[in-house]
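*Asks:* So that we are looking at the same thing, I have put the structure below in C-alpha cells.
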Amino acid sequence: MNVDKLRLYASNPAAFRDELVVDVDGTPRRLGDVADPWQRDDYKLLDPLVMACLGRGKRPETMRAFFERPRGHSKTTDIAVVVTYMLAFATRPLRLYAYAADKDQAMLLRDAILTLTRLNPWLGAWLQVDRARVTNVSDSPGYDSYLAIETSDVGSSYGILPDAIVFDEITHWGDSSEALWASLISSAAKRRNCLMFGIANAGWQETWQWKLRESIRSDSSWIFRRLNGPEASWMTEDRLDEQRRLLPGVSFARLWLNEWSTGGGDALTSEDIEAAFDGAAFPIGNRLRGYTCVAGVDLGVKRDASAVAVLGIGENDTPNAKRFRLLHTKRWKPRPGKTVDLMDVEQELRRCCQVYGLDTIAYDPWQAELLAQRLSYDLRRVDLLPVVPSGANLRDMASRLIEAFTDRRVTLYEDRVLRHELVHLRIEERSFGFRLVSPRDETGHGDLASAFVNALYVGFDIAGRKARPTVSMF
C-alpha cells in the first residue's frame, strides 16, 4: 500500500470503501463493485460524522445516527467497514465501543472485522483482532486505537470515555438492558465529537426499544433512516419465498419486511394458537392407550420458575403426521425471599414416570445435569435426554414448534400460563438461523413454554418409534 493511496483513503472514506475487498458468498469482491445504492446512501450520511470523530473534518449538526434494515441487509458487515476505517485512519488514539445483543452477535462483528483484515493484507498488518478487541498496532497517528466489543448484558458503561459507541441489533437486547442504554447515551455526552450509531432490524412495539426508536425518529438531533422492506440486490425471490413458507406471517413481516410487531410475540400466529386449544380437552391423570409419553423440564430457582410438561404422542398416526396432546403441566414459582425446592421437581418427574410410563425426559444440561444424574440411578427404562442449546438445536426447536402448530398437530387443554407464554414467544435471528425467546414479564420468563418446547422437540424424534413396555421402577 503506497503513501499516496493511504492519504487518499484518509481524506475520502468513499475511496477506501470502493477498493476495500469484502466477502461475497465466499468470493472476494471490491465493495465498490457490489455495494447497493441504499448502502452507499447510508455510508454517505455517516461519513461527515465519522470524519469529525476522527479529527479530519468539521463537526456536523449531529453525531448520532440510527439505521433500520431487514434481515440479510449487511448490518454487521457495514458496521465492520465503518469501525475498521475509523481504527485505521484516526489522527490520535481512539476508544471505540461496540455493544451487541449477545455473545453470538458480538462474535459476528469480530469475525466480520477479521475477514476484512484477511482479505485486505495491509489492514491485517495494521489491525490486531483478538476475541473481544481490535487494536491499531501500526506506526500511524492512530496507533493504540481500539474497539472493545461488549454484549448488552454487561450492565453498565459508566466510567468509559468513548470516542464512538456502536449499538448492534439493539431491538434484540434483553428487557433489562434499558439501563445499559441510559449509561451509553450519558457516556456519549462526555465528548463533544463522540459518534454514536447503530443498525438494527425491526422489533416489537411492546418494548422499551420501540419507545426509543420513536423518540429517535422524531428527534432532529438524530439521523434516522429505514428500509421499507427487502431492497438488497442479493435477496432473490426464491429465498424470500422460502422464508414465507418457513415463518409465521408476523415473523416474516418483522424480519424481512422490516415491520415492527404488535402483540408481544411473533413465533406463532393467534389463529394457530387458538386452533391448538380444545375446549373439550382436559388434563389426563394416567397413561393413555395408544400414546407414547414424554416430558420436558425447565428449571429455575430464585428468579425464574421451574416447570414440567407432559405430552402424549399418538402411536397410530402416520410418522409425518403424529399428533401431540398435552396431558399434564406443573409449575413452581419462587416466592419473595425463597427459592424453588428442586426436590419437589424431582419427585414430580418420578411421579410422572410412574403415572404416564414416560419414554423420555428432555432437559437443558446446563440447568438440570445434577437432577438428571439423580434420576438416572432409578429410572433405567427412561431416556434422560439432554437438549444442548447449540445453534442447530435452537433452530430445530423453533422450526418444530412452528411446524406442529401450523399443521394443526397439537391439542392443548386450557392452561392460562401456557397460553400467555405461547402468545408471547418470539423468533430471534442469530448467526445459526432462528431461535425462540421469551420476554420476561409479570408472569415469568416463559418457563412452562420452555418445558413444553423441550418435550415437543424430543417428541418429533421419537414420533415414529414404537412405544416400549412400561416397567415400574418403584
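Identifiers for the C-alpha cells are assigned positionally: chains receive A, B, ... in sequence, residues are indexed from 1 per chain, and ligands are indexed from 1 in the order shown.
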Which residues are close to Leu161 in chain A, i.e. within 10 Å by only C-alpha atoms, leaving aside same-chain residues fewer than 4 positions away? Reply as a VMD selection string.

*Replies:* chain A and resid 94 to 97 157 187 to 191 194

*Asks:* Using the selection just defined, write its residues with C-alpha atoms as a PDB file, in the first residue's frame.

*Replies:*
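Result written to out12.pdb:
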```pdb
ATOM      1  CA  LEU A  94      -9.390   6.494  19.835  1.00  0.00           C
ATOM      2  CA  ARG A  95     -11.554   4.493  22.218  1.00  0.00           C
ATOM      3  CA  LEU A  96     -14.392   2.806  20.362  1.00  0.00           C
ATOM      4  CA  TYR A  97     -17.054   0.581  21.975  1.00  0.00           C
ATOM      5  CA  SER A 157     -20.892   1.654  30.614  1.00  0.00           C
ATOM      6  CA  SER A 187     -21.277   8.314  28.281  1.00  0.00           C
ATOM      7  CA  ALA A 188     -21.547   9.572  24.697  1.00  0.00           C
ATOM      8  CA  ALA A 189     -22.254  13.056  26.045  1.00  0.00           C
ATOM      9  CA  LYS A 190     -18.827  13.212  27.702  1.00  0.00           C
ATOM     10  CA  ARG A 191     -17.097  14.078  24.428  1.00  0.00           C
ATOM     11  CA  CYS A 194     -18.375  11.310  20.201  1.00  0.00           C
TER      12      CYS A 194
END
```

*Asks:* Which polymer residues have any atom within 8 Å of an atom of range 81-93 of chain A, counting only C-alpha atoms, with same-chain residues fewer than 5 positions away left out, as number ranges by chain?

*Replies:* A: 10, 13, 16-17, 50, 54-56, 113, 116, 123, 126-127, 135-136, 140-147

*Asks:* Go ahead and save the residues from that selection, with C-alpha atoms, as a PDB file, in the first residue's frame.

*Replies:*
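Final file, selection04.pdb:
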```
ATOM      1  CA  ALA A  10      -7.581   9.142   4.993  1.00  0.00           C
ATOM      2  CA  PRO A  13     -13.724   7.191   3.194  1.00  0.00           C
ATOM      3  CA  PHE A  16     -11.404   3.447   0.912  1.00  0.00           C
ATOM      4  CA  ARG A  17     -14.694   1.582   0.595  1.00  0.00           C
ATOM      5  CA  VAL A  50     -17.030   9.671  11.137  1.00  0.00           C
ATOM      6  CA  LEU A  54     -11.513  11.144  13.657  1.00  0.00           C
ATOM      7  CA  GLY A  55     -10.470  14.795  13.758  1.00  0.00           C
ATOM      8  CA  ARG A  56     -10.442  15.026   9.975  1.00  0.00           C
ATOM      9  CA  ILE A 113     -13.630  -7.390  11.015  1.00  0.00           C
ATOM     10  CA  LEU A 116     -11.739  -7.677   6.256  1.00  0.00           C
ATOM     11  CA  LEU A 123      -5.261  -3.796   7.050  1.00  0.00           C
ATOM     12  CA  TRP A 126      -2.301  -2.563  10.884  1.00  0.00           C
ATOM     13  CA  LEU A 127      -5.065  -4.103  12.992  1.00  0.00           C
ATOM     14  CA  THR A 135      -6.341  -2.691  18.153  1.00  0.00           C
ATOM     15  CA  ASN A 136      -4.359  -0.473  15.804  1.00  0.00           C
ATOM     16  CA  SER A 140       0.213   5.566  12.129  1.00  0.00           C
ATOM     17  CA  PRO A 141      -1.173   8.512  14.160  1.00  0.00           C
ATOM     18  CA  GLY A 142      -3.982   6.237  15.298  1.00  0.00           C
ATOM     19  CA  TYR A 143      -1.595   3.783  16.969  1.00  0.00           C
ATOM     20  CA  ASP A 144      -3.169   2.094  20.011  1.00  0.00           C
ATOM     21  CA  SER A 145      -6.739   2.985  18.976  1.00  0.00           C
ATOM     22  CA  TYR A 146      -9.024   0.125  19.898  1.00  0.00           C
ATOM     23  CA  LEU A 147     -12.548  -1.206  19.546  1.00  0.00           C
TER      24      LEU A 147
END
```

*Asks:* Please list as an mmCIF file with C-alpha atoms, in the first residue's frame every residue within 12 Å of Gly337 in chain A, counting only C-alpha atoms and excluding residues in the same chain fewer than 6 positions away.

*Replies:*
```
data_model
loop_
_atom_site.group_PDB
_atom_site.id
_atom_site.type_symbol
_atom_site.label_atom_id
_atom_site.label_comp_id
_atom_site.auth_asym_id
_atom_site.auth_seq_id
_atom_site.Cartn_x
_atom_site.Cartn_y
_atom_site.Cartn_z
ATOM 1 C CA VAL A 301 -34.607 -21.451 41.391
ATOM 2 C CA LYS A 302 -34.543 -17.811 42.521
ATOM 3 C CA ARG A 303 -35.690 -15.500 39.732
#
```

*Asks:* Given only C-alpha atoms, how would the per-residue table for range 409-445 of chain A near range 228-251 of chain A read, listing every residue at most 12 Å away with its closest atom pair and distance in Å to one decimal, sorted by chain and number, as a Markdown table?

*Replies:*
```
| residue | atom | partner | partner_atom | distance |
| --- | --- | --- | --- | --- |
| A:Leu425 | CA | A:Ser251 | CA | 10.9 |
| A:Arg426 | CA | A:Ser251 | CA | 8.2 |
| A:Ile427 | CA | A:Ser251 | CA | 6.7 |
| A:Glu428 | CA | A:Ser251 | CA | 9.0 |
| A:Glu429 | CA | A:Ser251 | CA | 10.2 |
| A:Gly433 | CA | A:Gln243 | CA | 11.2 |
| A:Phe434 | CA | A:Leu247 | CA | 9.9 |
| A:Arg435 | CA | A:Leu247 | CA | 11.7 |
| A:Leu436 | CA | A:Ser251 | CA | 11.4 |
```

*Asks:* Keeping only all heavy atoms, take the residues you just selected and write them out as a CSV table (one decimal), in the first residue's frame.

*Replies:*
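Just written: result.csv:
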```csv
chain,number,residue,atom,x,y,z
A,425,LEU,N,-44.2,-15.8,22.8
A,425,LEU,CA,-42.9,-16.4,22.3
A,425,LEU,C,-42.5,-15.6,21.0
A,425,LEU,O,-43.3,-15.2,20.2
A,425,LEU,CB,-43.1,-17.8,21.9
A,425,LEU,CG,-42.9,-18.9,22.9
A,425,LEU,CD1,-43.2,-20.3,22.3
A,425,LEU,CD2,-41.5,-18.8,23.5
A,426,ARG,N,-41.2,-15.3,20.9
A,426,ARG,CA,-40.7,-14.5,19.8
A,426,ARG,C,-39.7,-15.4,19.0
A,426,ARG,O,-39.0,-16.3,19.5
A,426,ARG,CB,-40.0,-13.3,20.3
A,426,ARG,CG,-40.9,-12.3,21.0
A,426,ARG,CD,-40.1,-11.2,21.6
A,426,ARG,NE,-40.9,-10.2,22.3
A,426,ARG,CZ,-40.5,-9.2,23.0
A,426,ARG,NH1,-39.2,-9.0,23.2
A,426,ARG,NH2,-41.3,-8.3,23.6
A,427,ILE,N,-39.5,-15.0,17.8
A,427,ILE,CA,-38.5,-15.5,16.9
A,427,ILE,C,-37.4,-14.5,16.8
A,427,ILE,O,-37.6,-13.3,16.6
A,427,ILE,CB,-39.0,-15.8,15.5
A,427,ILE,CG1,-40.0,-17.0,15.5
A,427,ILE,CG2,-37.9,-16.0,14.5
A,427,ILE,CD1,-39.3,-18.3,15.7
A,428,GLU,N,-36.1,-14.9,17.1
A,428,GLU,CA,-35.0,-14.0,17.0
A,428,GLU,C,-34.0,-14.6,16.0
A,428,GLU,O,-33.8,-15.8,15.9
A,428,GLU,CB,-34.3,-13.9,18.4
A,428,GLU,CG,-34.8,-12.7,19.2
A,428,GLU,CD,-33.9,-12.4,20.4
A,428,GLU,OE1,-32.8,-13.0,20.5
A,428,GLU,OE2,-34.2,-11.6,21.2
A,429,GLU,N,-33.4,-13.7,15.2
A,429,GLU,CA,-32.4,-14.0,14.3
A,429,GLU,C,-31.1,-14.2,14.9
A,429,GLU,O,-30.7,-13.3,15.8
A,429,GLU,CB,-32.3,-12.9,13.2
A,429,GLU,CG,-31.2,-13.1,12.2
A,429,GLU,CD,-31.0,-11.9,11.4
A,429,GLU,OE1,-31.7,-10.9,11.6
A,429,GLU,OE2,-30.1,-11.9,10.5
A,433,GLY,N,-29.3,-19.1,12.4
A,433,GLY,CA,-30.7,-19.1,11.9
A,433,GLY,C,-31.6,-18.4,12.8
A,433,GLY,O,-31.5,-17.2,13.1
A,434,PHE,N,-32.6,-19.1,13.4
A,434,PHE,CA,-33.6,-18.5,14.3
A,434,PHE,C,-33.6,-19.3,15.6
A,434,PHE,O,-33.3,-20.5,15.6
A,434,PHE,CB,-35.0,-18.5,13.6
A,434,PHE,CG,-35.0,-17.8,12.4
A,434,PHE,CD1,-35.0,-18.5,11.1
A,434,PHE,CD2,-35.1,-16.4,12.3
A,434,PHE,CE1,-35.1,-17.8,9.9
A,434,PHE,CE2,-35.2,-15.7,11.1
A,434,PHE,CZ,-35.2,-16.4,9.9
A,435,ARG,N,-34.1,-18.7,16.6
A,435,ARG,CA,-34.3,-19.3,17.9
A,435,ARG,C,-35.6,-18.7,18.6
A,435,ARG,O,-36.0,-17.6,18.2
A,435,ARG,CB,-33.1,-19.2,18.8
A,435,ARG,CG,-32.9,-17.8,19.4
A,435,ARG,CD,-31.9,-17.8,20.5
A,435,ARG,NE,-31.8,-16.5,21.1
A,435,ARG,CZ,-30.9,-16.2,22.0
A,435,ARG,NH1,-30.0,-17.1,22.4
A,435,ARG,NH2,-30.8,-14.9,22.6
A,436,LEU,N,-36.1,-19.4,19.5
A,436,LEU,CA,-37.2,-18.9,20.3
A,436,LEU,C,-36.7,-18.2,21.5
A,436,LEU,O,-35.7,-18.6,22.2
A,436,LEU,CB,-38.1,-20.1,20.8
A,436,LEU,CG,-38.8,-20.9,19.7
A,436,LEU,CD1,-39.3,-22.2,20.3
A,436,LEU,CD2,-39.8,-20.1,19.0
```

*Asks:* With distances taken over only C-alpha atoms, which of A:Tyr457, A:Leu195, A:Gln205, A:Pro37 is nearest to Leu394 in chain A?

*Replies:*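 Ranking A:Tyr457, A:Leu195, A:Gln205, A:Pro37 by distance to Leu394 in chain A, first place goes to A:Tyr457.
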
*Asks:* Using only C-alpha atoms, pick whichever of A:Ile273, A:Ala125, A:Leu456, A:Ala100 has the shortest atom-to-atom distance to Leu418 in chain A.

*Replies:* A:Ile273

*Asks:* For Ile216 in chain A, work out the shell of residues within 9 Å, counting only C-alpha atoms and skipping chain neighbours fewer than 6 positions away, then give it as an mmCIF file with N, CA, C and O atoms, in the first residue's frame.

*Replies:*
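Listed below is the output, selection.cif:
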```cif
data_model
loop_
_atom_site.group_PDB
_atom_site.id
_atom_site.type_symbol
_atom_site.label_atom_id
_atom_site.label_comp_id
_atom_site.auth_asym_id
_atom_site.auth_seq_id
_atom_site.Cartn_x
_atom_site.Cartn_y
_atom_site.Cartn_z
ATOM 1 N N ALA A 65 -26.782 8.591 14.762
ATOM 2 C CA ALA A 65 -27.467 8.014 13.596
ATOM 3 C C ALA A 65 -28.001 6.626 13.932
ATOM 4 O O ALA A 65 -27.375 5.862 14.687
ATOM 5 N N PHE A 66 -29.163 6.322 13.368
ATOM 6 C CA PHE A 66 -29.789 5.006 13.552
ATOM 7 C C PHE A 66 -30.371 4.551 12.213
ATOM 8 O O PHE A 66 -31.123 5.282 11.578
ATOM 9 N N TRP A 222 -30.902 13.430 15.645
ATOM 10 C CA TRP A 222 -30.526 12.097 15.167
ATOM 11 C C TRP A 222 -30.779 11.999 13.668
ATOM 12 O O TRP A 222 -31.774 12.524 13.156
ATOM 13 N N ILE A 223 -29.908 11.279 12.980
ATOM 14 C CA ILE A 223 -30.175 10.823 11.613
ATOM 15 C C ILE A 223 -30.920 9.502 11.720
ATOM 16 O O ILE A 223 -30.463 8.586 12.413
ATOM 17 N N PHE A 224 -32.068 9.413 11.099
ATOM 18 C CA PHE A 224 -32.850 8.174 11.119
ATOM 19 C C PHE A 224 -33.187 7.783 9.689
ATOM 20 O O PHE A 224 -33.691 8.595 8.915
#
```

*Asks:* Interatomic distance between CA of Tyr356 in chain A and CA of Arg287 in chain A?

*Replies:*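 That distance, rounded to one decimal, is 4.2 Å.
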
*Asks:* Which residue, A:Ser11, A:Arg192, A:Gln209, A:Asp341, has the smallest gap to Asp175 in chain A when you use only C-alpha atoms?

*Replies:* A:Gln209

*Asks:* Measuring between only C-alpha atoms, which one of A:Arg408, A:Arg110, A:Lys322, A:Arg374 shows the shortest distance to Met343 in chain A?

*Replies:*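 Looking only at the distances to Met343 in chain A, the closest residue turns out to be A:Arg374.
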
*Asks:* Among range 191-369 of chain A, which residues carry a DSSP assignment of alpha helix (DSSP H), reported as a VMD selection string?

*Replies:* chain A and resid 208 to 217 237 to 246 249 to 255 270 to 276 342 to 356 365 to 369

*Asks:* Select, from A:Glu274, A:Asp415, A:Asp378, A:Glu61, the residue with the minimum atom-to-atom distance to Ser220 in chain A, counting only C-alpha atoms.

*Replies:*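 Under the stated criterion, the closest residue is A:Glu61.
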
*Asks:* Any idea what's packed within 8 Å of range 330-334 of chain A, counting only C-alpha atoms, ignoring anything in its chain fewer than 4 positions away? Could you give it as a ChimeraX atom specification?

*Replies:* /A:301-309,338-340,448

*Asks:* Restricting the output to all heavy atoms, write the selected residues as an mmCIF file, in the first residue's frame.

*Replies:*
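Listed below is the output, again23.cif:
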```
data_model
loop_
_atom_site.group_PDB
_atom_site.id
_atom_site.type_symbol
_atom_site.label_atom_id
_atom_site.label_comp_id
_atom_site.auth_asym_id
_atom_site.auth_seq_id
_atom_site.Cartn_x
_atom_site.Cartn_y
_atom_site.Cartn_z
ATOM 1 N N VAL A 301 -34.704 -21.315 39.940
ATOM 2 C CA VAL A 301 -34.607 -21.451 41.391
ATOM 3 C C VAL A 301 -34.999 -20.157 42.107
ATOM 4 O O VAL A 301 -35.931 -20.121 42.897
ATOM 5 C CB VAL A 301 -33.179 -21.879 41.807
ATOM 6 C CG1 VAL A 301 -33.086 -21.981 43.330
ATOM 7 C CG2 VAL A 301 -32.811 -23.207 41.167
ATOM 8 N N LYS A 302 -34.309 -19.065 41.797
ATOM 9 C CA LYS A 302 -34.543 -17.811 42.521
ATOM 10 C C LYS A 302 -35.423 -16.845 41.739
ATOM 11 O O LYS A 302 -36.458 -16.403 42.220
ATOM 12 C CB LYS A 302 -33.204 -17.139 42.835
ATOM 13 C CG LYS A 302 -32.344 -17.894 43.832
ATOM 14 C CD LYS A 302 -31.069 -17.110 44.117
ATOM 15 C CE LYS A 302 -30.209 -17.841 45.145
ATOM 16 N NZ LYS A 302 -28.951 -17.097 45.428
ATOM 17 N N ARG A 303 -35.000 -16.529 40.504
ATOM 18 C CA ARG A 303 -35.690 -15.500 39.732
ATOM 19 C C ARG A 303 -36.783 -16.089 38.855
ATOM 20 O O ARG A 303 -37.838 -15.488 38.666
ATOM 21 C CB ARG A 303 -34.674 -14.751 38.868
ATOM 22 C CG ARG A 303 -35.250 -13.521 38.181
ATOM 23 C CD ARG A 303 -34.185 -12.820 37.386
ATOM 24 N NE ARG A 303 -34.690 -11.610 36.765
ATOM 25 C CZ ARG A 303 -34.035 -10.898 35.879
ATOM 26 N NH1 ARG A 303 -32.819 -11.269 35.504
ATOM 27 N NH2 ARG A 303 -34.563 -9.810 35.356
ATOM 28 N N ASP A 304 -36.518 -17.273 38.288
ATOM 29 C CA ASP A 304 -37.451 -17.900 37.355
ATOM 30 C C ASP A 304 -38.133 -19.096 37.998
ATOM 31 O O ASP A 304 -37.662 -19.663 38.985
ATOM 32 C CB ASP A 304 -36.722 -18.344 36.086
ATOM 33 C CG ASP A 304 -36.082 -17.180 35.341
ATOM 34 O OD1 ASP A 304 -36.671 -16.086 35.373
ATOM 35 O OD2 ASP A 304 -35.013 -17.370 34.750
ATOM 36 N N ALA A 305 -39.243 -19.482 37.390
ATOM 37 C CA ALA A 305 -39.983 -20.652 37.862
ATOM 38 C C ALA A 305 -39.376 -21.929 37.282
ATOM 39 O O ALA A 305 -38.611 -21.906 36.323
ATOM 40 C CB ALA A 305 -41.445 -20.535 37.460
ATOM 41 N N SER A 306 -39.731 -23.048 37.885
ATOM 42 C CA SER A 306 -39.455 -24.369 37.314
ATOM 43 C C SER A 306 -40.760 -24.912 36.750
ATOM 44 O O SER A 306 -41.850 -24.573 37.232
ATOM 45 C CB SER A 306 -38.906 -25.335 38.369
ATOM 46 O OG SER A 306 -37.602 -24.975 38.766
ATOM 47 N N ALA A 307 -40.663 -25.757 35.735
ATOM 48 C CA ALA A 307 -41.881 -26.264 35.104
ATOM 49 C C ALA A 307 -41.638 -27.630 34.477
ATOM 50 O O ALA A 307 -40.525 -27.946 34.049
ATOM 51 C CB ALA A 307 -42.372 -25.289 34.028
ATOM 52 N N VAL A 308 -42.715 -28.415 34.441
ATOM 53 C CA VAL A 308 -42.725 -29.724 33.777
ATOM 54 C C VAL A 308 -43.946 -29.777 32.872
ATOM 55 O O VAL A 308 -45.036 -29.329 33.261
ATOM 56 C CB VAL A 308 -42.775 -30.875 34.809
ATOM 57 C CG1 VAL A 308 -43.068 -32.211 34.124
ATOM 58 C CG2 VAL A 308 -41.474 -30.945 35.597
ATOM 59 N N ALA A 309 -43.762 -30.287 31.670
ATOM 60 C CA ALA A 309 -44.877 -30.505 30.744
ATOM 61 C C ALA A 309 -44.796 -31.919 30.200
ATOM 62 O O ALA A 309 -43.720 -32.376 29.813
ATOM 63 C CB ALA A 309 -44.828 -29.502 29.594
ATOM 64 N N LYS A 338 -37.646 -16.608 48.836
ATOM 65 C CA LYS A 338 -37.493 -18.052 48.898
ATOM 66 C C LYS A 338 -37.193 -18.595 47.508
ATOM 67 O O LYS A 338 -37.417 -17.941 46.501
ATOM 68 C CB LYS A 338 -38.754 -18.711 49.462
ATOM 69 C CG LYS A 338 -39.023 -18.329 50.918
ATOM 70 C CD LYS A 338 -40.116 -19.183 51.527
ATOM 71 C CE LYS A 338 -40.292 -18.854 52.997
ATOM 72 N NZ LYS A 338 -41.321 -19.707 53.642
ATOM 73 N N THR A 339 -36.686 -19.821 47.467
ATOM 74 C CA THR A 339 -36.321 -20.451 46.204
ATOM 75 C C THR A 339 -37.182 -21.671 45.945
ATOM 76 O O THR A 339 -37.843 -22.196 46.856
ATOM 77 C CB THR A 339 -34.839 -20.883 46.209
ATOM 78 O OG1 THR A 339 -34.639 -21.853 47.256
ATOM 79 C CG2 THR A 339 -33.918 -19.690 46.443
ATOM 80 N N VAL A 340 -37.182 -22.107 44.697
ATOM 81 C CA VAL A 340 -37.880 -23.346 44.341
ATOM 82 C C VAL A 340 -37.110 -24.528 44.916
ATOM 83 O O VAL A 340 -35.881 -24.617 44.785
ATOM 84 C CB VAL A 340 -37.994 -23.472 42.806
ATOM 85 C CG1 VAL A 340 -38.551 -24.845 42.423
ATOM 86 C CG2 VAL A 340 -38.855 -22.354 42.240
ATOM 87 N N LEU A 448 -42.843 -22.396 31.491
ATOM 88 C CA LEU A 448 -43.696 -23.513 31.104
ATOM 89 C C LEU A 448 -43.626 -23.746 29.599
ATOM 90 O O LEU A 448 -43.607 -24.889 29.131
ATOM 91 C CB LEU A 448 -45.140 -23.250 31.545
ATOM 92 C CG LEU A 448 -46.138 -24.393 31.329
ATOM 93 C CD1 LEU A 448 -45.635 -25.691 31.957
ATOM 94 C CD2 LEU A 448 -47.505 -24.016 31.886
#
```
